[in-house]
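First up is the structure itself, then whatever we jot down about it.
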Amino acid sequence: MPRDSTQSPQTRLTPANSGFSGTTGNAWYGLFPLVAGLAMATALQFILPGAAGPYYSRIVIDAGIAIVLAVSLNIVNGMTGQFSIGHAGFMALGGYTAGILTHYGSMLLWGSAGRHGGFLGSGELLFAASCLAGGLISAVAGYVVGLPSLRLRGDYLAIVTLGFGEIMRVILQQTGRVIDDAEKFRSGGLSQLIPPPVGGAVGFDGLPKYTSLFWVYSLVTVTVVVAYRLKVSSPGRAMISVREDEIAAQAMGVDIARQKVMAFVIAAFFAGAAGGMFAHESGVIISPRDAGFQRSFDYVIMTVLGGRGSISGVLIAAAVLTALPEMLRDFEQYRLIVYALLLIMMMLVRPQGLFGIHEIWDLFAPFLRRQQKAAP
Amino acid sequence: MTADSIHSTTQPDSGIVQLAPLLRVSDIGISFGGLKAVQQFSLSLPQSVLYGLIGPNGAGKTTVFNLLTGVYQPDSGKMNLSDISLIGRKPHQITAAGIARTFQNIRLFPSLSVLDNVRLAGQLRSSEGLLHTLLRTSLHHQSEAELKQRAMELLEIFELQHRAHELAGNLSYGHQRRLEIVRALATSPRVLLLDEPAAGLNPQEKRSLAQSIREIRDRFQVAILLIEHDMGLVMDICERIVVLDHGVTICEGTPDVIQNDPQVIAAYLGAAPDSGQNIF
Amino acid sequence: MADLVQTLITALAIGSLYALIALGYTMVYGILKFINFAHSDIVVLGAWISYTLSSKLLPRLGLDPHNPVTPPPIWVAAVVLILSMIICGLIGFVIERLAYKPLRRAPRLNVLITAIGVSLLLQNLGQLNFMFGASPQKMPALLPGWEIATLTFSDGESARSVVINLVDTVIFATSATLMLLLQYLVFRTKLGTAMRAVSFNPDNAALLGIPVDRVVSFTFVLGSALAAAAGFLYVMKYPGMNQPAHTIWVLLGLKAFVAAVIGGIGNVRGAVLGGFVIAFVEQFGAFYISSNYRDVYVFALLIVILLVRPTGLLGSPLREKV
Ligand SMILES: Nc1ncnc2c1ncn2[C@@H]1O[C@H](COP(=O)(O)OP(=O)(O)OP(=O)(O)O)[C@@H](O)[C@H]1O
Ligand SMILES: [Mg+2]
């Protein structure tokens, strides 16, 4: 169906294809991966802590959060070929936003900031909604940060994103002390929200610890499904064309400015939601430092090693790079040295990353296609 | 739209000047620093014609394409596609309005497949929106299927269908040139700008290309403006030719007129107009 | 009035440091078209090498390196400065040869990633125990605490004085000297002409017989030596030295890079201008608005300038050739 009135009708090659329907059009087919992912998350939630103990469960949670951050960053850096090194800024913004909502929201709703309700109970639902809100606020920030990308080439943009993360860090340091007394908070006016009472330099302590395997891996599922569906369809192709050749992309009718900003918005949304999970993880106190570039670099390294554009590659890199340092605690001071050498070697030897733009299953693709062709 | 009605009254090959030109350009120019790359360029391109744009190296031919497609903004002048002004429009808007191009120095998307290169161009007319993509609605499946089918049909016309799943960057040079044309056509243009499509091809490939260009024009009813250094090819297939030299239009007319124009001969040979040599 | 003058003096000193560092960014960008992320780490190296040299040198003169009672003779400062410039110049040379040269034809993003890698590497190598260690140190004072001049301002009832220290004067004078030398080198010598030719178009420069590799190497050596000087001067002014991977160093480098961008990257004079501009914005913002947000002012200025004039104050617009 031509959308554009300027298109001349005679250039259409085929009449609208009407003979296409059947199983692939089924709505359930579209939901299947999400359902499967939720089932996996539920299974993890109830099996892993018993089977592997809290230590390993914690690592798996950390890995999940890292996966969300790295895979979403890869939408900006891998798919559209921009270079953002301020992803942690979005994460922190989302984390703090979600934290404010659960902490002070709990006080208003239930009179205390502690955990409320059990698995999927009212407290967890507030938490999920807060993470969503954190994602949305980050997405708005992503839009604002993405705007300069319309005018700036890759490496300038890198500096702007880095600057964004640092500004976030500085601003978070100037915030006020956390209000722990629910009564006081309820009776106080709106003025106690300025500056936001989120703990200043020491961090936002005392948040209810809602983050669990279930929630983290539900988010992982949504992130990966979104990233993959983007990659293999029209909107994703438009983004990838921006990475490949901006001039040619424009000549093919791609609004490159729109694609770049859209990538920022989507990536920031997931980073913000992941920040919400991070802030409510037990054993973690989200602090201004988490907005800084050191953390952003971690995610950049994961995307570079995994392959800029490869979702499965980045997923694996994020999981491995989260788990390995945990196991090798004694070598902490060498961790970044090894990362640094990996980065340098990678650029010299295999700049496209371990998987390049391919997915693991692409390795089997030629085989699958031949089979399809053989079938009638 | 009046496109249809105009079209039905014209005969591309008859050489009759048509009533309302599709693309009308008057007096556009641009300079880079002190260099006047193109000056006072004018052109009127009716429906479904095949015109040539020639000139020595550095004459400003590619720059004209860049101006027409919004890569550069002209310092002066007017450009209209039917009744839409193209001045101040971004390249993607101009493509959406109906002007497509190929690039002299091939600019495919090398790490996308051949099919994806074409699909990307095709989706300009059929993108279904982000939400449908993410939810995989039936609209999504339908529009992706149509897109793929249309792309495959185009590839078939240019005998590239067997390469559909190869990476564009891995194609041979000749195939890459052809894919550039396919990709441009996939945007369903009304005006097609070809920048040296025959460069680097062997004589046999050139002959087949000349044939293809004519076919494209007839089959897709698209007006073609062709930049080419191979004079034999240009004289053979173009109905009218514009000659640029140092950014200035020095001659415009039918191939016969061009071949006998002393200024054109001088521009190509860098010699006096009456040197008498025949470069064609 | 006294406050204004005091802020002005600080801004001039800090601005000349930013300018020195920005020159390194801008020269490398001008020639190789990438952000040398590791440049700020050369500043750190310069600072820490100065510290190491001083703590080796002072005991030989019978002075306690941690708390010299009488300031050492002035030549000690000069020797430390020059040695650390030489060492850092060599390090810059090696880094370019090993990490960047193989990527001469690679996409710019790859080079940028490599530069981030080099930066991480330098920071974390520097923190190892057999290098500089991971704890802060105090730089011994190599310069006497002289007061060059005292300006007194009275506004009716009270009078306040502003002291111009030797340190600020030395920072300003050393930076100015180095920048003038560089200016001469880039615009008046054959080598400078070669640098500008390579910056304009490396391929054409190579065709003209200019030894591109040597010019690039020289640029790195030069930039690194200037960075080392900046590192030395910085710890003269602020002797409390943070460990090599501390955020403060990266911010210092980042602001210098911002200076280069604001001035128009690739433009030597622009880098100097940019250095002073951001120092003024930062210092005056810190004094008259709030010192908590000094980094925010700099980045806000960057974003404004990039949106209004993407090529910087002195940069010339470039159109990509299609
Ligand atoms: N972006 C630009 N910046 C500066 N000069 C440019 C730019 N684009 C083109 N030029 C100059 O404008 C002139 C015309 O270039 P153009 O590419 O249009 O020539 P052409 O006719 O296509 O030549 P060829 O046959 O070699 O392709 C040349 O001198 C070229 O160097
Ligand atoms: Mg050309």
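Residues are referred to by chain and number: the chain letter is A, B, ... according to the order shown in the structure tokens, the number counts from 1 in that chain, and ligands are numbered separately from 1 in the order shown.
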
* Please provide as a count of residues only all residues within 10 Å of range 246-256 of chain A, with the sequence filter that same-chain residues fewer than 4 positions apart are discarded (counting only C-alpha atoms). => 49

* Pull out every residue of chain A that has at least one atom within 10 Å of chain C, counting only C-alpha atoms, and report them as a VMD selection string. => chain A and resid 81 to 83 145 147 to 160 162 to 164 166 to 171 173 to 174 247 to 248 289 292 to 294 297 300 to 301 304 333 to 348 351 to 352

* Using only C-alpha atoms, which residues sit within 9 Å of range 202-213 of chain B once same-chain residues fewer than 5 positions away are excluded, as a ChimeraX atom specification? -> /B:50,158,174,178,197,218,224,233-234,236-237

Atoms kept (C-alpha atoms) for selection, written as a PDB file, in the first residue's frame:
ATOM      1  CA  LEU B  50      16.538   9.077 -20.656  1.00  0.00           C
ATOM      2  CA  PHE B 158      18.459  -8.129 -12.672  1.00  0.00           C
ATOM      3  CA  GLY B 174      29.814  -5.781 -11.766  1.00  0.00           C
ATOM      4  CA  ARG B 178      23.893  -3.716 -10.646  1.00  0.00           C
ATOM      5  CA  PRO B 197      27.001   2.875 -13.787  1.00  0.00           C
ATOM      6  CA  ASP B 218      10.248   1.357 -20.172  1.00  0.00           C
ATOM      7  CA  ILE B 224      16.584   8.633 -15.966  1.00  0.00           C
ATOM      8  CA  LEU B 233      27.030   4.262 -24.503  1.00  0.00           C
ATOM      9  CA  VAL B 234      25.715   7.742 -23.815  1.00  0.00           C
ATOM     10  CA  ASP B 236      23.588   5.286 -28.032  1.00  0.00           C
ATOM     11  CA  ILE B 237      20.895   5.386 -25.395  1.00  0.00           C
TER      12      ILE B 237
END

* To do: Write down, as a ChimeraX atom specification, each residue of chain B that has any atom within 10 Å of an atom of chain C, counting only C-alpha atoms.
  => /B:32-33,62-63,65-66,71-72,103-105,107

* To do: Select, from B:Leu115, B:Ile87, B:Val264, B:Met79, the residue with the minimum atom-to-atom distance to chain A, counting only C-alpha atoms.
  =>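 Closest candidate: B:Leu115.
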
* Give the residues close to ligand 2, within 8 Å, counting only C-alpha atoms and all ligand atoms; write them as a list in words. =>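 Listed by chain and ascending number, the contacts are Asn57, Gly58, Gly60, Lys61, Thr62, Thr63, Gln104, Asp195, Glu196 and Ile227 of chain B.
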
* **Residues near range 180-196 of chain C, cut-off 12 Å, only C-alpha atoms, skip fewer than 2 positions along chain, as an MDAnalysis selection string** => chainID C and resid 19:20 23:24 27:32 173:178 198:202 204:206 208:220 222:223 225:226 266:272

* Counting only C-alpha atoms, the option among B:Gln176, B:Ser76, B:Ser126, B:Ser44 closest to chain A -> B:Ser126

Backbone DSSP call of helix (DSSP H, G or I) for range 157-209 of chain C, listed as a PDB file with N, CA, C and O atoms, in the first residue's frame:
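This is the output file states_34.pdb:
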ATOM      1  N   LEU C 166      54.126  32.481  43.359  1.00  0.00           N
ATOM      2  CA  LEU C 166      55.116  32.065  42.380  1.00  0.00           C
ATOM      3  C   LEU C 166      54.562  30.923  41.524  1.00  0.00           C
ATOM      4  O   LEU C 166      54.758  30.891  40.316  1.00  0.00           O
ATOM      5  N   VAL C 167      53.837  29.985  42.201  1.00  0.00           N
ATOM      6  CA  VAL C 167      53.347  28.808  41.482  1.00  0.00           C
ATOM      7  C   VAL C 167      52.486  29.222  40.283  1.00  0.00           C
ATOM      8  O   VAL C 167      52.713  28.781  39.154  1.00  0.00           O
ATOM      9  N   ASP C 168      51.527  30.090  40.535  1.00  0.00           N
ATOM     10  CA  ASP C 168      50.651  30.505  39.447  1.00  0.00           C
ATOM     11  C   ASP C 168      51.449  31.181  38.331  1.00  0.00           C
ATOM     12  O   ASP C 168      51.208  30.970  37.145  1.00  0.00           O
ATOM     13  N   THR C 169      52.416  31.991  38.747  1.00  0.00           N
ATOM     14  CA  THR C 169      53.226  32.688  37.756  1.00  0.00           C
ATOM     15  C   THR C 169      54.019  31.699  36.919  1.00  0.00           C
ATOM     16  O   THR C 169      54.094  31.811  35.689  1.00  0.00           O
ATOM     17  N   VAL C 170      54.606  30.701  37.614  1.00  0.00           N
ATOM     18  CA  VAL C 170      55.412  29.714  36.887  1.00  0.00           C
ATOM     19  C   VAL C 170      54.528  28.925  35.923  1.00  0.00           C
ATOM     20  O   VAL C 170      54.908  28.678  34.779  1.00  0.00           O
ATOM     21  N   ILE C 171      53.360  28.540  36.402  1.00  0.00           N
ATOM     22  CA  ILE C 171      52.447  27.789  35.524  1.00  0.00           C
ATOM     23  C   ILE C 171      52.156  28.595  34.274  1.00  0.00           C
ATOM     24  O   ILE C 171      52.297  28.107  33.140  1.00  0.00           O
ATOM     25  N   PHE C 172      51.780  29.844  34.497  1.00  0.00           N
ATOM     26  CA  PHE C 172      51.412  30.667  33.353  1.00  0.00           C
ATOM     27  C   PHE C 172      52.607  30.886  32.428  1.00  0.00           C
ATOM     28  O   PHE C 172      52.512  30.716  31.208  1.00  0.00           O
ATOM     29  N   ALA C 173      53.766  31.197  33.015  1.00  0.00           N
ATOM     30  CA  ALA C 173      54.937  31.511  32.194  1.00  0.00           C
ATOM     31  C   ALA C 173      55.417  30.277  31.432  1.00  0.00           C
ATOM     32  O   ALA C 173      55.711  30.339  30.230  1.00  0.00           O
ATOM     33  N   THR C 174      55.498  29.136  32.124  1.00  0.00           N
ATOM     34  CA  THR C 174      55.964  27.921  31.449  1.00  0.00           C
ATOM     35  C   THR C 174      55.019  27.551  30.313  1.00  0.00           C
ATOM     36  O   THR C 174      55.456  27.263  29.190  1.00  0.00           O
ATOM     37  N   SER C 175      53.726  27.563  30.599  1.00  0.00           N
ATOM     38  CA  SER C 175      52.765  27.204  29.556  1.00  0.00           C
ATOM     39  C   SER C 175      52.877  28.156  28.376  1.00  0.00           C
ATOM     40  O   SER C 175      52.910  27.727  27.220  1.00  0.00           O
ATOM     41  N   ALA C 176      52.945  29.437  28.677  1.00  0.00           N
ATOM     42  CA  ALA C 176      53.009  30.423  27.599  1.00  0.00           C
ATOM     43  C   ALA C 176      54.249  30.186  26.747  1.00  0.00           C
ATOM     44  O   ALA C 176      54.184  30.208  25.512  1.00  0.00           O
ATOM     45  N   THR C 177      55.386  29.919  27.395  1.00  0.00           N
ATOM     46  CA  THR C 177      56.613  29.667  26.645  1.00  0.00           C
ATOM     47  C   THR C 177      56.448  28.455  25.732  1.00  0.00           C
ATOM     48  O   THR C 177      56.779  28.505  24.537  1.00  0.00           O
ATOM     49  N   LEU C 178      55.927  27.369  26.308  1.00  0.00           N
ATOM     50  CA  LEU C 178      55.776  26.152  25.516  1.00  0.00           C
ATOM     51  C   LEU C 178      54.813  26.378  24.349  1.00  0.00           C
ATOM     52  O   LEU C 178      55.054  25.916  23.230  1.00  0.00           O
ATOM     53  N   MET C 179      53.752  27.109  24.620  1.00  0.00           N
ATOM     54  CA  MET C 179      52.771  27.321  23.550  1.00  0.00           C
ATOM     55  C   MET C 179      53.356  28.190  22.447  1.00  0.00           C
ATOM     56  O   MET C 179      53.110  27.949  21.261  1.00  0.00           O
ATOM     57  N   LEU C 180      54.163  29.183  22.826  1.00  0.00           N
ATOM     58  CA  LEU C 180      54.781  30.012  21.797  1.00  0.00           C
ATOM     59  C   LEU C 180      55.762  29.186  20.972  1.00  0.00           C
ATOM     60  O   LEU C 180      55.822  29.307  19.752  1.00  0.00           O
ATOM     61  N   LEU C 181      56.519  28.320  21.658  1.00  0.00           N
ATOM     62  CA  LEU C 181      57.449  27.445  20.931  1.00  0.00           C
ATOM     63  C   LEU C 181      56.683  26.579  19.932  1.00  0.00           C
ATOM     64  O   LEU C 181      57.091  26.428  18.777  1.00  0.00           O
ATOM     65  N   LEU C 182      55.592  26.027  20.399  1.00  0.00           N
ATOM     66  CA  LEU C 182      54.803  25.161  19.525  1.00  0.00           C
ATOM     67  C   LEU C 182      54.267  25.941  18.324  1.00  0.00           C
ATOM     68  O   LEU C 182      54.307  25.479  17.184  1.00  0.00           O
ATOM     69  N   GLN C 183      53.758  27.116  18.637  1.00  0.00           N
ATOM     70  CA  GLN C 183      53.251  27.989  17.596  1.00  0.00           C
ATOM     71  C   GLN C 183      54.316  28.212  16.516  1.00  0.00           C
ATOM     72  O   GLN C 183      54.066  28.069  15.318  1.00  0.00           O
ATOM     73  N   TYR C 184      55.517  28.505  16.983  1.00  0.00           N
ATOM     74  CA  TYR C 184      56.634  28.720  16.059  1.00  0.00           C
ATOM     75  C   TYR C 184      56.881  27.452  15.252  1.00  0.00           C
ATOM     76  O   TYR C 184      57.023  27.472  14.024  1.00  0.00           O
ATOM     77  N   LEU C 185      56.902  26.334  15.964  1.00  0.00           N
ATOM     78  CA  LEU C 185      57.200  25.065  15.321  1.00  0.00           C
ATOM     79  C   LEU C 185      56.171  24.727  14.236  1.00  0.00           C
ATOM     80  O   LEU C 185      56.518  24.318  13.128  1.00  0.00           O
ATOM     81  N   VAL C 186      54.907  24.922  14.551  1.00  0.00           N
ATOM     82  CA  VAL C 186      53.864  24.498  13.619  1.00  0.00           C
ATOM     83  C   VAL C 186      53.769  25.434  12.420  1.00  0.00           C
ATOM     84  O   VAL C 186      53.542  25.006  11.293  1.00  0.00           O
ATOM     85  N   PHE C 187      53.951  26.724  12.669  1.00  0.00           N
ATOM     86  CA  PHE C 187      53.702  27.662  11.578  1.00  0.00           C
ATOM     87  C   PHE C 187      54.952  28.212  10.917  1.00  0.00           C
ATOM     88  O   PHE C 187      54.875  28.879   9.906  1.00  0.00           O
ATOM     89  N   ARG C 188      56.141  27.952  11.487  1.00  0.00           N
ATOM     90  CA  ARG C 188      57.320  28.599  10.931  1.00  0.00           C
ATOM     91  C   ARG C 188      58.412  27.627  10.487  1.00  0.00           C
ATOM     92  O   ARG C 188      59.369  28.023   9.881  1.00  0.00           O
ATOM     93  N   LYS C 190      59.856  23.760   8.814  1.00  0.00           N
ATOM     94  CA  LYS C 190      59.555  22.779   7.782  1.00  0.00           C
ATOM     95  C   LYS C 190      58.742  21.621   8.366  1.00  0.00           C
ATOM     96  O   LYS C 190      57.788  21.137   7.759  1.00  0.00           O
ATOM     97  N   LEU C 191      59.143  21.217   9.576  1.00  0.00           N
ATOM     98  CA  LEU C 191      58.446  20.130  10.236  1.00  0.00           C
ATOM     99  C   LEU C 191      56.972  20.483  10.448  1.00  0.00           C
ATOM    100  O   LEU C 191      56.072  19.672  10.220  1.00  0.00           O
ATOM    101  N   GLY C 192      56.752  21.726  10.880  1.00  0.00           N
ATOM    102  CA  GLY C 192      55.386  22.179  11.100  1.00  0.00           C
ATOM    103  C   GLY C 192      54.582  22.162   9.808  1.00  0.00           C
ATOM    104  O   GLY C 192      53.423  21.753   9.782  1.00  0.00           O
ATOM    105  N   THR C 193      55.231  22.582   8.719  1.00  0.00           N
ATOM    106  CA  THR C 193      54.558  22.544   7.423  1.00  0.00           C
ATOM    107  C   THR C 193      54.184  21.113   7.079  1.00  0.00           C
ATOM    108  O   THR C 193      53.078  20.840   6.601  1.00  0.00           O
ATOM    109  N   ALA C 194      55.106  20.189   7.343  1.00  0.00           N
ATOM    110  CA  ALA C 194      54.819  18.774   7.073  1.00  0.00           C
ATOM    111  C   ALA C 194      53.642  18.318   7.919  1.00  0.00           C
ATOM    112  O   ALA C 194      52.743  17.624   7.428  1.00  0.00           O
ATOM    113  N   MET C 195      53.615  18.724   9.196  1.00  0.00           N
ATOM    114  CA  MET C 195      52.498  18.335  10.056  1.00  0.00           C
ATOM    115  C   MET C 195      51.181  18.836   9.483  1.00  0.00           C
ATOM    116  O   MET C 195      50.188  18.114   9.437  1.00  0.00           O
ATOM    117  N   ARG C 196      51.195  20.083   9.054  1.00  0.00           N
ATOM    118  CA  ARG C 196      49.949  20.628   8.540  1.00  0.00           C
ATOM    119  C   ARG C 196      49.549  19.953   7.238  1.00  0.00           C
ATOM    120  O   ARG C 196      48.366  19.744   6.969  1.00  0.00           O
ATOM    121  N   ALA C 197      50.550  19.588   6.440  1.00  0.00           N
ATOM    122  CA  ALA C 197      50.252  18.895   5.185  1.00  0.00           C
ATOM    123  C   ALA C 197      49.609  17.537   5.469  1.00  0.00           C
ATOM    124  O   ALA C 197      48.604  17.170   4.865  1.00  0.00           O
ATOM    125  N   VAL C 198      50.182  16.810   6.423  1.00  0.00           N
ATOM    126  CA  VAL C 198      49.629  15.492   6.756  1.00  0.00           C
ATOM    127  C   VAL C 198      48.217  15.647   7.294  1.00  0.00           C
ATOM    128  O   VAL C 198      47.313  14.872   6.979  1.00  0.00           O
ATOM    129  N   SER C 199      48.029  16.672   8.101  1.00  0.00           N
ATOM    130  CA  SER C 199      46.713  16.908   8.672  1.00  0.00           C
ATOM    131  C   SER C 199      45.689  17.198   7.586  1.00  0.00           C
ATOM    132  O   SER C 199      44.551  16.763   7.650  1.00  0.00           O
ATOM    133  N   PHE C 200      46.124  17.921   6.554  1.00  0.00           N
ATOM    134  CA  PHE C 200      45.209  18.287   5.477  1.00  0.00           C
ATOM    135  C   PHE C 200      44.810  17.070   4.659  1.00  0.00           C
ATOM    136  O   PHE C 200      43.644  16.851   4.373  1.00  0.00           O
ATOM    137  N   PRO C 202      46.645  13.088   4.385  1.00  0.00           N
ATOM    138  CA  PRO C 202      47.800  12.219   4.570  1.00  0.00           C
ATOM    139  C   PRO C 202      48.260  11.552   3.273  1.00  0.00           C
ATOM    140  O   PRO C 202      49.458  11.410   3.029  1.00  0.00           O
ATOM    141  N   ASP C 203      47.291  11.171   2.434  1.00  0.00           N
ATOM    142  CA  ASP C 203      47.682  10.476   1.209  1.00  0.00           C
ATOM    143  C   ASP C 203      48.456  11.390   0.276  1.00  0.00           C
ATOM    144  O   ASP C 203      49.501  11.019  -0.267  1.00  0.00           O
ATOM    145  N   ASN C 204      47.928  12.596   0.103  1.00  0.00           N
ATOM    146  CA  ASN C 204      48.648  13.539  -0.751  1.00  0.00           C
ATOM    147  C   ASN C 204      50.011  13.870  -0.169  1.00  0.00           C
ATOM    148  O   ASN C 204      51.005  13.975  -0.897  1.00  0.00           O
ATOM    149  N   ALA C 205      50.061  14.032   1.163  1.00  0.00           N
ATOM    150  CA  ALA C 205      51.335  14.350   1.798  1.00  0.00           C
ATOM    151  C   ALA C 205      52.346  13.248   1.515  1.00  0.00           C
ATOM    152  O   ALA C 205      53.512  13.514   1.202  1.00  0.00           O
ATOM    153  N   ALA C 206      51.886  11.998   1.589  1.00  0.00           N
ATOM    154  CA  ALA C 206      52.797  10.884   1.328  1.00  0.00           C
ATOM    155  C   ALA C 206      53.302  10.939  -0.110  1.00  0.00           C
ATOM    156  O   ALA C 206      54.479  10.704  -0.384  1.00  0.00           O
ATOM    157  N   LEU C 207      52.401  11.274  -1.019  1.00  0.00           N
ATOM    158  CA  LEU C 207      52.804  11.367  -2.426  1.00  0.00           C
ATOM    159  C   LEU C 207      53.856  12.454  -2.628  1.00  0.00           C
ATOM    160  O   LEU C 207      54.708  12.344  -3.509  1.00  0.00           O
TER     161      LEU C 207
END

* Calculate how many Å separate CA of Gly121 in chain A from CA of Ala63 in chain A, rounding to one decimal. =>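 Result for CA of Gly121 in chain A versus CA of Ala63 in chain A: 24.9 Å, one decimal.
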